[in-house]
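Novice: Please find structure_11.pdb (PDB, C-alpha atoms, pLDDT in the B column) on the next line:
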ATOM      1  CA  ARG A   1     -19.305   4.128  33.732  1.00 81.00           C
ATOM      2  CA  THR A   2     -19.171   6.525  30.788  1.00 87.00           C
ATOM      3  CA  GLY A   3     -15.375   6.695  31.031  1.00 92.00           C
ATOM      4  CA  LEU A   4     -15.139   2.905  30.996  1.00 93.00           C
ATOM      5  CA  LEU A   5     -17.341   2.657  27.904  1.00 93.00           C
ATOM      6  CA  TYR A   6     -15.262   5.309  26.161  1.00 95.00           C
ATOM      7  CA  ALA A   7     -12.078   3.421  27.035  1.00 95.00           C
ATOM      8  CA  VAL A   8     -13.531   0.191  25.620  1.00 95.00           C
ATOM      9  CA  LEU A   9     -14.553   2.031  22.440  1.00 95.00           C
ATOM     10  CA  ASN A  10     -11.074   3.491  21.949  1.00 96.00           C
ATOM     11  CA  SER A  11      -9.359   0.204  22.775  1.00 96.00           C
ATOM     12  CA  SER A  12     -11.467  -1.755  20.326  1.00 96.00           C
ATOM     13  CA  SER A  13     -10.751   0.833  17.642  1.00 95.00           C
ATOM     14  CA  LYS A  14      -6.999   0.532  18.224  1.00 96.00           C
ATOM     15  CA  VAL A  15      -7.101  -3.267  18.257  1.00 97.00           C
ATOM     16  CA  GLY A  16      -9.074  -3.236  15.006  1.00 93.00           C
ATOM     17  CA  ALA A  17      -6.554  -0.923  13.357  1.00 94.00           C
ATOM     18  CA  ALA A  18      -3.644  -3.083  14.520  1.00 96.00           C
ATOM     19  CA  LEU A  19      -5.299  -6.244  13.217  1.00 94.00           C
ATOM     20  CA  ALA A  20      -5.967  -4.554   9.876  1.00 90.00           C
ATOM     21  CA  VAL A  21      -2.304  -3.598   9.493  1.00 92.00           C
ATOM     22  CA  GLY A  22      -1.154  -7.077  10.474  1.00 93.00           C
ATOM     23  CA  ALA A  23      -3.578  -8.754   8.058  1.00 90.00           C
ATOM     24  CA  THR A  24      -2.471  -6.402   5.280  1.00 88.00           C
ATOM     25  CA  PHE A  25       1.208  -7.199   5.742  1.00 91.00           C
ATOM     26  CA  ILE A  26       0.491 -10.931   5.850  1.00 93.00           C
ATOM     27  CA  GLY A  27      -1.565 -10.608   2.662  1.00 90.00           C
ATOM     28  CA  LEU A  28       1.188  -8.667   0.918  1.00 90.00           C
ATOM     29  CA  ASP A  29       3.721 -11.307   1.911  1.00 91.00           C
ATOM     30  CA  LEU A  30       1.484 -14.097   0.631  1.00 91.00           C
ATOM     31  CA  ALA A  31       1.035 -12.223  -2.658  1.00 89.00           C
ATOM     32  CA  GLY A  32       4.818 -11.999  -3.030  1.00 89.00           C
ATOM     33  CA  PHE A  33       4.931  -8.201  -2.892  1.00 90.00           C
ATOM     34  CA  HIS A  34       8.252  -6.664  -1.827  1.00 86.00           C
ATOM     35  CA  ALA A  35       8.223  -2.949  -1.034  1.00 84.00           C
ATOM     36  CA  HIS A  36      11.987  -2.496  -1.290  1.00 84.00           C
ATOM     37  CA  GLY A  37      12.562  -4.692  -4.303  1.00 74.00           C
ATOM     38  CA  PRO A  38      13.354  -3.121  -7.658  1.00 78.00           C
ATOM     39  CA  HIS A  39      10.509  -4.893  -9.441  1.00 86.00           C
ATOM     40  CA  ASN A  40       7.472  -6.894  -8.451  1.00 88.00           C
ATOM     41  CA  SER A  41       5.954  -9.613 -10.600  1.00 88.00           C
ATOM     42  CA  ALA A  42       2.568  -9.221 -12.248  1.00 89.00           C
ATOM     43  CA  GLY A  43       1.176 -11.727  -9.749  1.00 89.00           C
ATOM     44  CA  ALA A  44       2.431  -9.645  -6.821  1.00 90.00           C
ATOM     45  CA  LEU A  45       0.873  -6.495  -8.270  1.00 89.00           C
ATOM     46  CA  ASN A  46      -2.400  -8.316  -8.908  1.00 90.00           C
ATOM     47  CA  GLY A  47      -2.316  -9.559  -5.326  1.00 88.00           C
ATOM     48  CA  LEU A  48      -1.782  -5.993  -4.162  1.00 88.00           C
ATOM     49  CA  ALA A  49      -4.785  -4.819  -6.183  1.00 89.00           C
ATOM     50  CA  LEU A  50      -6.961  -7.657  -4.875  1.00 89.00           C
ATOM     51  CA  LEU A  51      -5.929  -6.979  -1.308  1.00 88.00           C
ATOM     52  CA  PHE A  52      -6.745  -3.277  -1.430  1.00 88.00           C
ATOM     53  CA  LEU A  53      -9.791  -3.379  -3.712  1.00 92.00           C
ATOM     54  CA  VAL A  54     -11.644  -6.633  -3.256  1.00 89.00           C
ATOM     55  CA  GLY A  55     -10.981  -7.096   0.453  1.00 85.00           C
ATOM     56  CA  PRO A  56     -12.586  -3.819   1.620  1.00 90.00           C
ATOM     57  CA  ALA A  57     -15.453  -4.221  -0.856  1.00 94.00           C
ATOM     58  CA  VAL A  58     -16.302  -7.679   0.484  1.00 92.00           C
ATOM     59  CA  LEU A  59     -16.070  -6.528   4.098  1.00 91.00           C
ATOM     60  CA  ASN A  60     -18.279  -3.483   3.430  1.00 95.00           C
ATOM     61  CA  LEU A  61     -20.872  -5.649   1.685  1.00 96.00           C
ATOM     62  CA  ALA A  62     -20.839  -8.038   4.632  1.00 95.00           C
ATOM     63  CA  GLY A  63     -21.425  -5.111   6.997  1.00 93.00           C
ATOM     64  CA  ALA A  64     -24.284  -3.847   4.839  1.00 95.00           C
ATOM     65  CA  ALA A  65     -25.842  -7.323   4.830  1.00 94.00           C
ATOM     66  CA  LEU A  66     -25.767  -7.356   8.626  1.00 92.00           C
ATOM     67  CA  LEU A  67     -27.496  -3.976   8.841  1.00 91.00           C
ATOM     68  CA  ILE A  68     -30.079  -4.342   6.089  1.00 90.00           C
ATOM     69  CA  ASN A  69     -32.747  -5.795   8.371  1.00 85.00           C
ATOM     70  CA  TYR A  70     -31.847  -3.817  11.489  1.00 87.00           C
ATOM     71  CA  PRO A  71     -35.155  -3.329  13.321  1.00 87.00           C
ATOM     72  CA  LEU A  72     -34.949   0.422  13.984  1.00 89.00           C
ATOM     73  CA  THR A  73     -38.117   2.084  12.763  1.00 90.00           C
ATOM     74  CA  ALA A  74     -39.068   5.737  13.074  1.00 93.00           C
ATOM     75  CA  ALA A  75     -41.474   4.831  15.882  1.00 94.00           C
ATOM     76  CA  ARG A  76     -38.816   2.898  17.815  1.00 93.00           C
ATOM     77  CA  PHE A  77     -36.351   5.745  17.320  1.00 94.00           C
ATOM     78  CA  GLY A  78     -38.899   8.143  18.819  1.00 95.00           C
ATOM     79  CA  GLU A  79     -39.315   5.867  21.830  1.00 95.00           C
ATOM     80  CA  ILE A  80     -35.561   5.740  22.382  1.00 94.00           C
ATOM     81  CA  ARG A  81     -35.260   9.535  22.139  1.00 94.00           C
ATOM     82  CA  ALA A  82     -38.093  10.023  24.600  1.00 95.00           C
ATOM     83  CA  ALA A  83     -36.507   7.583  27.070  1.00 94.00           C
ATOM     84  CA  LEU A  84     -33.151   9.334  26.769  1.00 93.00           C
ATOM     85  CA  ALA A  85     -34.741  12.750  27.251  1.00 93.00           C
ATOM     86  CA  GLN A  86     -36.564  11.504  30.351  1.00 93.00           C
ATOM     87  CA  ALA A  87     -33.400   9.935  31.752  1.00 90.00           C
ATOM     88  CA  GLY A  88     -31.437  13.131  31.127  1.00 81.00           C
ATOM     89  CA  SER A  89     -33.815  15.374  33.033  1.00 70.00           C
TER      90      SER A  89
END
Can you present the structure in this file as structure tokens?
Specialist:
Amino acid sequence: RTGLLYAVLNSSSKVGAALAVGATFIGLDLAGFHAHGPHNSAGALNGLALLFLVGPAVLNLAGAALLINYPLTAARFGEIRAALAQAGS
């Protein structure tokens, strides 16, 4: 069971990384950015900045908003640790 959970963890990490790369390339194309072109327009460079600055900031804030009311108190954490210690022995 532990091996299966580890495989799911690694697979989801790889899928997430692949989706991030794909979304980035689509965003760069929509912004008009060309990596091999001699010059990019100001709009393309602004799109590049927005993609790499605003996108991660918004996603991190969304993640923080999801975790802000996570119901893990010190008492609950102690209960979980005690249950894990009992299960391990």
Novice: How many Å separate atom CA of A:Pro38 from atom CA of A:Ala23?
Specialist: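 For atom CA of A:Pro38 relative to atom CA of A:Ala23, the distance reads 23.8 Å.
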Novice: Spell out the residues picked by the PyMOL selection byres ((chain A and resi 48-57) around 10) here, as a list in words.
Specialist: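 So the PyMOL selection byres ((chain A and resi 48-57) around 10) ends up selecting Ala23, Thr24, Gly27, Leu28, Asp29, Leu30, Ala31, Gly32, Phe33, Ala42, Gly43, Ala44, Leu45, Asn46, Gly47, Val58, Leu59, Asn60, Leu61, Ala62 and Gly63 of chain A.
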Novice: In Å to one decimal, how far is atom CA of A:Phe25 from atom CA of A:Gly37?
Specialist: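 Value for the atom CA of A:Gly37-atom CA of A:Phe25 distance: 15.4 Å.
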Novice: I'd like the interatomic distance between atom CA of A:Arg76 and atom CA of A:Val8, to a tenth of an Å.
Specialist: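 Atom CA of A:Arg76 sits 26.6 Å away from atom CA of A:Val8.
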Novice: Generate N, CA and C atoms for stretch 24-50 of chain A and emit them as an mmCIF file, keeping the file's coordinate frame.
Specialist:
data_model
loop_
_atom_site.group_PDB
_atom_site.id
_atom_site.type_symbol
_atom_site.label_atom_id
_atom_site.label_comp_id
_atom_site.auth_asym_id
_atom_site.auth_seq_id
_atom_site.Cartn_x
_atom_site.Cartn_y
_atom_site.Cartn_z
ATOM 1 N N THR A 24 -2.946 -6.956 6.550
ATOM 2 C CA THR A 24 -2.471 -6.402 5.280
ATOM 3 C C THR A 24 -1.045 -6.854 4.986
ATOM 4 N N PHE A 25 -0.180 -6.785 5.964
ATOM 5 C CA PHE A 25 1.208 -7.199 5.742
ATOM 6 C C PHE A 25 1.305 -8.694 5.456
ATOM 7 N N ILE A 26 0.499 -9.492 6.131
ATOM 8 C CA ILE A 26 0.491 -10.931 5.850
ATOM 9 C C ILE A 26 0.002 -11.178 4.429
ATOM 10 N N GLY A 27 -1.053 -10.464 4.028
ATOM 11 C CA GLY A 27 -1.565 -10.608 2.662
ATOM 12 C C GLY A 27 -0.550 -10.187 1.612
ATOM 13 N N LEU A 28 0.155 -9.105 1.853
ATOM 14 C CA LEU A 28 1.188 -8.667 0.918
ATOM 15 C C LEU A 28 2.310 -9.691 0.812
ATOM 16 N N ASP A 29 2.682 -10.279 1.931
ATOM 17 C CA ASP A 29 3.721 -11.307 1.911
ATOM 18 C C ASP A 29 3.253 -12.534 1.137
ATOM 19 N N LEU A 30 2.016 -12.941 1.359
ATOM 20 C CA LEU A 30 1.484 -14.097 0.631
ATOM 21 C C LEU A 30 1.378 -13.831 -0.868
ATOM 22 N N ALA A 31 1.123 -12.574 -1.236
ATOM 23 C CA ALA A 31 1.035 -12.223 -2.658
ATOM 24 C C ALA A 31 2.414 -12.118 -3.304
ATOM 25 N N GLY A 32 3.466 -12.097 -2.484
ATOM 26 C CA GLY A 32 4.818 -11.999 -3.030
ATOM 27 C C GLY A 32 5.261 -10.571 -3.287
ATOM 28 N N PHE A 33 4.591 -9.607 -2.690
ATOM 29 C CA PHE A 33 4.931 -8.201 -2.892
ATOM 30 C C PHE A 33 6.096 -7.820 -1.995
ATOM 31 N N HIS A 34 7.082 -7.122 -2.577
ATOM 32 C CA HIS A 34 8.252 -6.664 -1.827
ATOM 33 C C HIS A 34 8.380 -5.156 -2.018
ATOM 34 N N ALA A 35 8.224 -4.407 -0.948
ATOM 35 C CA ALA A 35 8.223 -2.949 -1.034
ATOM 36 C C ALA A 35 9.580 -2.386 -1.431
ATOM 37 N N HIS A 36 10.657 -3.042 -1.018
ATOM 38 C CA HIS A 36 11.987 -2.496 -1.290
ATOM 39 C C HIS A 36 12.666 -3.143 -2.479
ATOM 40 N N GLY A 37 11.977 -4.052 -3.133
ATOM 41 C CA GLY A 37 12.562 -4.692 -4.303
ATOM 42 C C GLY A 37 12.483 -3.784 -5.515
ATOM 43 N N PRO A 38 13.377 -3.990 -6.478
ATOM 44 C CA PRO A 38 13.354 -3.121 -7.658
ATOM 45 C C PRO A 38 12.105 -3.352 -8.526
ATOM 46 N N HIS A 39 11.662 -4.582 -8.600
ATOM 47 C CA HIS A 39 10.509 -4.893 -9.441
ATOM 48 C C HIS A 39 9.671 -5.962 -8.755
ATOM 49 N N ASN A 40 8.379 -5.868 -8.931
ATOM 50 C CA ASN A 40 7.472 -6.894 -8.451
ATOM 51 C C ASN A 40 6.842 -7.573 -9.662
ATOM 52 N N SER A 41 6.560 -8.858 -9.502
ATOM 53 C CA SER A 41 5.954 -9.613 -10.600
ATOM 54 C C SER A 41 4.519 -9.153 -10.818
ATOM 55 N N ALA A 42 3.961 -9.557 -11.949
ATOM 56 C CA ALA A 42 2.568 -9.221 -12.248
ATOM 57 C C ALA A 42 1.640 -9.861 -11.216
ATOM 58 N N GLY A 43 1.977 -11.061 -10.771
ATOM 59 C CA GLY A 43 1.176 -11.727 -9.749
ATOM 60 C C GLY A 43 1.175 -10.966 -8.435
ATOM 61 N N ALA A 44 2.340 -10.422 -8.057
ATOM 62 C CA ALA A 44 2.431 -9.645 -6.821
ATOM 63 C C ALA A 44 1.612 -8.368 -6.922
ATOM 64 N N LEU A 45 1.652 -7.717 -8.085
ATOM 65 C CA LEU A 45 0.873 -6.495 -8.270
ATOM 66 C C LEU A 45 -0.621 -6.791 -8.323
ATOM 67 N N ASN A 46 -0.993 -7.910 -8.923
ATOM 68 C CA ASN A 46 -2.400 -8.316 -8.908
ATOM 69 C C ASN A 46 -2.859 -8.635 -7.483
ATOM 70 N N GLY A 47 -1.993 -9.286 -6.724
ATOM 71 C CA GLY A 47 -2.316 -9.559 -5.326
ATOM 72 C C GLY A 47 -2.500 -8.277 -4.535
ATOM 73 N N LEU A 48 -1.661 -7.292 -4.814
ATOM 74 C CA LEU A 48 -1.782 -5.993 -4.162
ATOM 75 C C LEU A 48 -3.129 -5.355 -4.498
ATOM 76 N N ALA A 49 -3.501 -5.392 -5.762
ATOM 77 C CA ALA A 49 -4.785 -4.819 -6.183
ATOM 78 C C ALA A 49 -5.953 -5.557 -5.527
ATOM 79 N N LEU A 50 -5.883 -6.881 -5.500
ATOM 80 C CA LEU A 50 -6.961 -7.657 -4.875
ATOM 81 C C LEU A 50 -7.069 -7.353 -3.391
#
